[in-house]
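**Q** Structure supplied as final_31.txt; contents: compact mmCIF, C-alpha atoms.
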# COMPACT_ATOMS: atom_id res chain seq x y z
CA MET E 1 -7.19 -14.48 -29.24
CA VAL E 2 -4.74 -13.41 -31.96
CA LEU E 3 -6.31 -15.79 -34.45
CA GLY E 4 -9.80 -14.54 -33.65
CA PHE E 5 -8.60 -10.95 -33.84
CA ALA E 6 -7.09 -11.54 -37.28
CA TYR E 7 -10.21 -13.33 -38.52
CA SER E 8 -12.49 -10.47 -37.44
CA LEU E 9 -10.08 -7.95 -38.94
CA PHE E 10 -10.38 -9.60 -42.34
CA HIS E 11 -14.18 -9.67 -42.12
CA LEU E 12 -14.89 -6.04 -41.31
CA ARG E 13 -17.69 -5.94 -43.87
CA ASP E 14 -19.68 -7.99 -41.41
CA LEU E 15 -21.17 -5.51 -38.93
CA ARG E 16 -20.65 -7.92 -36.04
CA TYR E 17 -16.89 -8.01 -36.54
CA LEU E 18 -16.70 -4.30 -37.26
CA LEU E 19 -18.41 -3.45 -33.95
CA LEU E 20 -16.12 -5.87 -32.12
CA GLN E 21 -13.03 -4.16 -33.55
CA VAL E 22 -14.44 -0.74 -32.67
CA TRP E 23 -15.12 -1.94 -29.12
CA PHE E 24 -11.59 -3.29 -28.67
CA TRP E 25 -9.71 -0.36 -30.19
CA SER E 26 -11.80 2.33 -28.49
CA VAL E 27 -10.77 0.94 -25.10
CA VAL E 28 -7.12 0.64 -26.12
CA ILE E 29 -6.93 4.15 -27.59
CA LEU E 30 -9.00 5.96 -24.97
CA GLY E 31 -7.55 4.01 -22.06
CA SER E 32 -3.89 3.84 -23.02
CA VAL E 33 -3.01 6.26 -25.79
CA LEU E 34 -4.86 9.55 -25.37
CA PHE E 35 -4.68 9.87 -21.60
CA PRO E 36 -1.41 10.97 -19.95
CA GLY E 37 0.54 8.57 -17.80
CA ALA E 38 1.56 5.01 -18.35
CA PRO E 39 -1.18 2.50 -19.23
CA SER E 40 -2.45 0.53 -16.27
CA SER E 41 -4.56 -2.58 -16.10
CA GLU E 42 -7.70 -0.93 -14.74
CA LYS E 43 -7.98 1.21 -17.87
CA LEU E 44 -8.13 -1.85 -20.12
CA VAL E 45 -10.71 -3.90 -18.23
CA GLY E 46 -13.35 -2.82 -20.73
CA ALA E 47 -11.48 -4.64 -23.50
CA LEU E 48 -11.59 -8.02 -21.75
CA PRO E 49 -15.06 -9.02 -23.02
CA ALA E 50 -13.97 -8.16 -26.56
CA ALA E 51 -10.82 -10.25 -26.09
CA ALA E 52 -12.95 -13.15 -24.86
CA LEU E 53 -15.08 -12.85 -27.99
CA PHE E 54 -11.92 -12.99 -30.13
CA VAL E 55 -11.03 -16.25 -28.39
CA ALA E 56 -14.54 -17.58 -29.00
CA ILE E 57 -14.33 -16.67 -32.71
CA SER E 58 -11.03 -18.51 -32.96
CA LEU E 59 -12.35 -21.64 -31.29
CA VAL E 60 -15.48 -21.70 -33.44
CA GLN E 61 -13.56 -21.22 -36.68
CA VAL E 62 -11.00 -23.89 -35.85
CA ALA E 63 -13.75 -26.32 -34.85
CA ASP E 64 -15.68 -25.62 -38.07
CA PHE E 65 -12.51 -26.12 -40.13
CA ILE E 66 -11.85 -29.50 -38.51
CA LYS E 67 -15.47 -30.52 -39.09
CA HIS E 68 -15.20 -29.42 -42.72
CA MET E 69 -12.07 -31.54 -43.18
CA ARG E 70 -13.95 -34.51 -41.67
CA LEU E 71 -10.91 -35.53 -39.69
CA PHE E 72 -12.97 -36.31 -36.58
CA SER E 73 -16.63 -36.68 -35.75
CA PRO E 74 -18.53 -33.45 -35.02
CA THR E 75 -19.42 -34.77 -31.56
CA LEU E 76 -15.75 -35.27 -30.71
CA VAL E 77 -14.82 -31.82 -32.05
CA ASN E 78 -17.57 -30.17 -30.01
CA GLY E 79 -16.50 -32.06 -26.91
CA VAL E 80 -12.85 -31.05 -27.31
CA THR E 81 -13.85 -27.42 -27.91
CA ILE E 82 -15.93 -27.37 -24.73
CA GLY E 83 -13.03 -29.03 -22.89
CA VAL E 84 -10.63 -26.31 -24.06
CA VAL E 85 -13.00 -23.64 -22.79
CA LEU E 86 -13.34 -25.36 -19.41
CA VAL E 87 -9.56 -25.71 -19.06
CA MET E 88 -9.07 -22.00 -19.81
CA CYS E 89 -11.76 -21.07 -17.28
CA LEU E 90 -10.18 -23.26 -14.61
CA GLN E 91 -6.73 -21.85 -15.33
CA GLY E 92 -8.02 -18.29 -15.00
CA ALA E 93 -9.95 -19.01 -11.81
CA ASN E 94 -7.00 -20.86 -10.28
CA TYR E 95 -4.62 -18.02 -11.07
CA TYR E 96 -6.87 -15.26 -9.78
CA LEU E 97 -8.25 -17.01 -6.69
CA ARG E 98 -5.01 -18.69 -5.62
CA ASP E 99 -1.78 -17.47 -7.23
CA TYR E 100 -2.74 -13.82 -7.66
CA GLN E 101 -4.41 -13.48 -4.27
CA GLN E 102 -1.60 -15.20 -2.37
CA GLN E 103 1.45 -13.91 -4.23
CA ARG E 104 0.00 -10.50 -5.07
CA SER E 105 1.93 -10.54 -8.33
CA PHE E 106 1.18 -6.93 -9.21
CA ALA E 107 1.26 -5.41 -5.71
CA HIS E 108 2.43 -1.80 -5.72
CA PRO E 109 3.51 -0.18 -2.42
CA PHE E 110 2.45 3.33 -3.47
CA GLU E 111 -1.09 2.27 -4.33
CA GLU E 112 -1.27 0.27 -1.10
CA PHE E 113 -0.09 3.33 0.83
CA GLU E 114 -2.68 5.74 -0.51
CA THR E 115 -5.48 3.19 -0.22
CA GLY E 116 -4.52 2.12 3.31
CA VAL E 117 -4.15 5.71 4.53
CA SER E 118 -7.45 6.73 2.93
CA GLN E 119 -9.29 3.85 4.56
CA PHE E 120 -7.75 4.74 7.93
CA LEU E 121 -8.80 8.39 7.61
CA SER E 122 -12.25 7.34 6.51
CA SER E 123 -12.64 5.37 9.74
CA LEU E 124 -11.69 8.47 11.77
CA GLY E 125 -14.30 10.68 10.15
CA PRO E 126 -14.23 13.97 8.21
CA ALA E 127 -13.34 16.23 11.17
CA ASN E 128 -9.61 15.70 10.60
CA ARG E 129 -6.76 17.06 8.57
CA LEU E 130 -4.21 14.77 6.99
CA TYR E 131 -0.52 15.65 6.82
CA LEU E 132 1.84 13.39 4.91
CA PHE E 133 5.56 12.73 5.11
CA ILE E 134 6.26 11.00 1.83
CA ALA E 135 8.80 10.90 -0.99
CA PRO E 136 8.59 10.84 -4.80
CA PRO E 137 6.89 9.43 -6.77
CA LEU E 138 4.20 9.74 -4.09
CA GLN E 139 2.44 13.10 -4.39
CA ALA E 140 -0.14 14.38 -1.95
CA SER E 141 -1.73 16.38 -4.75
CA TYR E 142 -2.56 13.26 -6.76
CA PHE E 143 -4.00 10.47 -4.63
CA PRO E 144 -7.09 9.14 -6.45
CA ALA E 145 -7.99 6.96 -3.47
CA HIS E 146 -8.06 10.06 -1.25
CA ASP E 147 -10.40 11.87 -3.61
CA TYR E 148 -12.72 8.88 -3.63
CA LEU E 149 -12.65 7.71 0.00
CA ILE E 150 -12.03 10.93 1.93
CA PRO E 151 -13.09 13.81 -0.34
CA ASP E 152 -13.87 16.07 2.64
CA VAL E 153 -10.54 15.62 4.42
CA PRO E 154 -7.89 18.24 3.58
CA VAL E 155 -4.57 16.66 2.61
CA GLN E 156 -1.20 18.38 2.72
CA GLU E 157 2.39 17.26 2.38
CA LEU E 158 4.89 18.44 5.02
CA SER E 159 8.52 18.80 4.07
CA GLU E 160 9.97 19.38 7.54
CA VAL E 161 9.08 19.54 11.21
CA THR E 162 9.80 22.74 13.09
CA THR E 163 8.21 24.44 16.07
CA GLU E 164 6.93 27.21 13.80
CA THR E 165 5.45 24.77 11.29
CA ILE E 166 3.58 22.75 13.89
CA SER E 167 2.35 25.78 15.86
CA ALA E 168 0.88 27.24 12.65
CA LEU E 169 -1.34 24.23 11.99
CA PRO E 170 -5.12 24.72 12.43
CA ARG E 171 -6.53 23.67 15.78
CA ASN E 172 -10.19 23.44 14.87
CA GLU E 173 -9.96 19.83 13.67
CA GLY E 174 -8.11 16.65 14.47
CA LEU E 175 -4.57 16.34 13.14
CA VAL E 176 -3.43 13.11 11.52
CA PHE E 177 0.22 12.72 10.56
CA VAL E 178 1.20 9.80 8.35
CA SER E 179 4.65 8.87 7.10
CA ILE E 180 6.32 6.26 4.98
CA PRO E 181 8.72 4.08 7.03
CA GLU E 182 11.75 6.06 5.85
CA ARG E 183 10.40 9.25 7.42
CA LYS E 184 9.15 7.97 10.77
CA ALA E 185 11.69 10.15 12.61
CA GLU E 186 9.60 13.17 11.69
CA LEU E 187 6.58 11.63 13.38
CA ASP E 188 8.67 11.14 16.51
CA ALA E 189 9.52 14.84 16.41
CA ILE E 190 5.83 15.75 16.08
CA ALA E 191 4.95 13.52 19.04
CA LYS E 192 7.36 15.53 21.18
CA LEU E 193 5.86 18.84 20.05
CA LEU E 194 2.26 17.62 20.31
CA PRO E 195 2.18 15.02 23.11
CA GLY E 196 -0.86 12.98 24.05
CA GLY E 197 -1.70 11.61 20.63
CA LYS E 198 -2.19 8.04 19.46
CA TRP E 199 0.11 5.86 17.39
CA ARG E 200 -0.68 3.44 14.61
CA LYS E 201 1.60 1.26 12.53
CA GLU E 202 0.26 -0.58 9.54
CA PRO E 203 2.23 -3.42 7.87
CA ARG E 204 1.96 -4.28 4.22
CA GLN E 205 -0.11 -7.30 3.37
CA PRO E 206 2.27 -10.26 3.64
CA ILE E 207 3.76 -11.68 0.47
CA PRO E 208 4.79 -15.36 0.67
CA GLY E 209 8.53 -15.78 0.52
CA GLN E 210 9.31 -12.13 1.26
CA PRO E 211 10.15 -10.46 4.59
CA SER E 212 7.44 -8.40 6.27
CA GLN E 213 7.43 -4.66 5.55
CA MET E 214 5.76 -1.64 7.10
CA LEU E 215 3.27 0.27 4.97
CA TYR E 216 3.00 3.45 7.03
CA TYR E 217 3.18 4.96 10.51
CA ALA E 218 0.54 7.33 11.84
CA TYR E 219 0.30 9.69 14.79
CA TRP E 220 -2.94 11.54 15.38
CA ILE E 221 -4.63 13.86 17.81
CA GLU E 222 -8.40 13.63 17.99
CA PRO E 223 -10.63 16.67 17.43
CA ALA E 224 -11.71 16.69 21.08
CA GLN E 225 -8.07 16.99 22.19
CA MET E 226 -7.48 19.86 19.77
CA ALA E 227 -10.49 21.70 21.16
CA THR E 228 -9.19 21.41 24.73
CA PRO E 229 -7.27 24.57 25.73
Would you put the structure from the file into structure tokens?
**A**
Amino acid sequence: MVLGFAYSLFHLRDLRYLLLQVWFWSVVILGSVLFPGAPSSEKLVGALPAAALFVAISLVQVADFIKHMRLFSPTLVNGVTIGVVLVMCLQGANYYLRDYQQQRSFAHPFEEFETGVSQFLSSLGPANRLYLFIAPPLQASYFPAHDYLIPDVPVQELSEVTTETISALPRNEGLVFVSIPERKAELDAIAKLLPGGKWRKEPRQPIPGQPSQMLYYAYWIEPAQMATP
């Protein structure tokens, strides 16, 4: 890729290479430089086709150079080039479909938390309110998965559990309380103040070689129960 990138960089007068450089750098700058927050992989996906083209340029130029030097027959050079491409494809497929999926190399508990909770709330329906017991860097005000999966469900972070706090909560919808494992005691306190609800505990997806971990605990009261005097 680096060789192909350098070759295209030195041939910017050719419109094809100029457009390829513009494609690559527009994704890098717009996805990683101008937006706040640390760069993340999903922002750079758009640059992957351009990177693949850099690799292709490199392979083609190296193959043409070897053919020009007449060190090997063109048929052999073409065959080796195709073999290199196949090996790279197999390596990528093997890593993504086996190593990445099984080991979850880039698993992040915070992203798993917000996605798992959002999917759970989505299954319950929009007639609910979500209350979170979390800790930094988790922020109830910035959960992209919530905005996408449950845009109609109000989300609020609770700092403490008191009789006054719980009694002041709206009663016109179902109440769903979710906590990280470190704050489960607050769910226990809510269950005593609002008995009759249901419990849910969701483990993290298992990672080979690592002990099992809990993703979140949930305690919820359905809308019908809230409507009952």
**Q** I need the residue nearest Met88 in chain E from this list: E:Leu121, E:Leu71, E:Val22, E:Ala52. Use all atoms listed in the file for the distance.
**A** E:Ala52
**Q** May I have the residues within 10 Å of Glu112 in chain E as a ChimeraX atom specification, using all atoms listed in the file and disregarding those fewer than 3 positions away in the same chain?
**A** /E:107-109,115-118,145,204-205,215-216
**Q** How many Å separate CA of Val60 in chain E from CA of Tyr95 in chain E?
**A**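 According to the coordinates, CA of Val60 in chain E and CA of Tyr95 in chain E are separated by 25.1 Å.
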**Q** Fewer than 5 positions away in the same chain doesn't count, so skip those; otherwise give me all residues within 9 Å of Ala218 in chain E, counting all atoms listed in the file, as a PyMOL selection string.
**A** chain E and resi 117+176-179+184+187+198-202
**Q** Using all atoms listed in the file for the distances, tell me which of E:Leu193, E:Val155, E:Leu124, E:Ala63 is nearest to Tyr142 in chain E.
**A**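 Looking only at the distances to Tyr142 in chain E, the closest residue turns out to be E:Val155.
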**Q** To one decimal place in Å, what is the distance between CA of Ala50 in chain E and CA of Phe24 in chain E?
**A** 5.8 Å
**Q** Separation of CA of His68 in chain E and CA of Leu15 in chain E, in Å?
**A**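 Separation of CA of His68 in chain E and CA of Leu15 in chain E: 24.9 Å.
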**Q** Counting only C-alpha atoms, figure out which residue out of E:Met1, E:Val27, E:Ala127, E:Cys89 gets nearest to Pro154 in chain E.
**A**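 Closest residue, counting only C-alpha atoms: E:Ala127.
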**Q** Would you please work out which residue, of E:Leu44, E:Glu222, E:Pro195, E:Asp99, is nearest to Ile29 in chain E when using all atoms listed in the file?
**A**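 The shortest atom-to-atom distance to Ile29 in chain E comes from E:Leu44.
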**Q** Considering only C-alpha atoms, state which residue in the set E:Thr75, E:Ser8, E:Asn128, E:Ser58 is at the smallest distance from Trp220 in chain E.
**A**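 Using only C-alpha atoms, the shortest distance to Trp220 in chain E belongs to E:Asn128.
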**Q** Counting only C-alpha atoms, which of E:Leu194, E:Glu114, E:Ala56, E:Tyr131 gets nearest to Asp147 in chain E?
**A**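 Smallest distance to Asp147 in chain E is found for E:Glu114.
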**Q** Find the axis-aligned box for range 201-216 of chain E, covering all its listed atoms and adding 3 Å on each side, and write its centre and edge lengths in Å to one decimal as JSON.
**A**
{"center_x": 5.0, "center_y": -6.2, "center_z": 6.5, "size_x": 16.3, "size_y": 25.2, "size_z": 18.1}
